[in-house]
Amino acid sequence: MAPQDAILGWDEDTNAEAYNAFTRAHPMYDATSRDLARRGQLANASLVVDLCGGAGATARAILDLIPARARVVSVDNAAAMQRVGRRTLTDARLAWITSPAEQLADHLHADSADAVVCNSAIWKTDTAAVFTAVAHILRPGGQFVFNIGGGFAGVRHPDEQSVRTGPSLNALIRQVAADAHGYTPPPTAADAPPKLPLETVAEQLTAAGLTVLDTEVTAQHSTMAEKKAWLSIPVFARPDGDFTHAQRMQILDTAYAMTTPDAPTVTSWLVVVAQRPEATA
């Protein structure tokens, strides 16, 4: 099953609070945020943009790496997510802008950012427009670091297959929903191309005036327990269709009971590091 886009719902307080609680209780977003921030070479940065920053999980990682004099601007179009972030992150170096990622350049000066970091969100945007906006605000030599979920990029880390010990929690959810509710998953094209493969990303980055410096397929190791907690966030809850959230949680509990909580799970990511070329004499 292809991963959900989860494009809608982020500007709802219930989702914002549940997402923030998850990021503080479980390592998934913290780990990916720290990986991206580390790749951004932020030790000497003056301004870093946390793009699609939500409630600030990635901003926390960036703040740990930048100098005391530097600033972070977190940009997201969901005011509810940012309300949570403003309440829980009080570092004076952090500012918030409520805006779609595509309109980033309307809020920041050209050539002003040393780095832009985007964690777990770029495929939810108009990537060509976002890449152009990022190129506009990056200083020459500035870096753009982001990741793409393996299902959207069409990549799988070898670990994702090697640790498989049984049906995924998503598969069990579909099974329970079918048995208990007569659920029929929507038809999907088995050979449908990935939404955002590296070839497309590279073409769009080049068109925006950015150069790809590095790419890597990484593996994030987790457990069934963390996966259940993630699927408990309303915006991620499954299955799709005409179910209430309470029904989805009941289905999730039943499916989870068929698993072992500490059973390993692996999520694949395509990590991309791009750069605005240095100015030439």
# chains A, B, ... in the order shown; residues from 1 in each chain; ligands from 1
$ closest_atom_pairs --of "segment 150-227 of chain A" --to "segment 22-38 of chain A" --cutoff "9 Å" --atoms "only C-alpha atoms" --output "tab-separated table"
residue	atom	partner	partner_atom	distance
A:Gln220	CA	A:Met28	CA	7.7
A:His221	CA	A:Met28	CA	8.6
A:Ser222	CA	A:Met28	CA	7.5
A:Glu226	CA	A:His26	CA	6.7
$ residues_around --residues "segment 137-149 of chain A" --least-positions-apart "6" --cutoff "9 Å" --atoms "only C-alpha atoms" --output "PyMOL selection string"
chain A and resi 3+32+36-37+39-41+104-105+108-123+131+155+196-197+210+267-279
$ select_by_dssp --residues "segment 6-62 of chain A" --states "alpha helix (DSSP H)" --output "PyMOL selection string"
chain A and resi 13-25+28-39+57-62
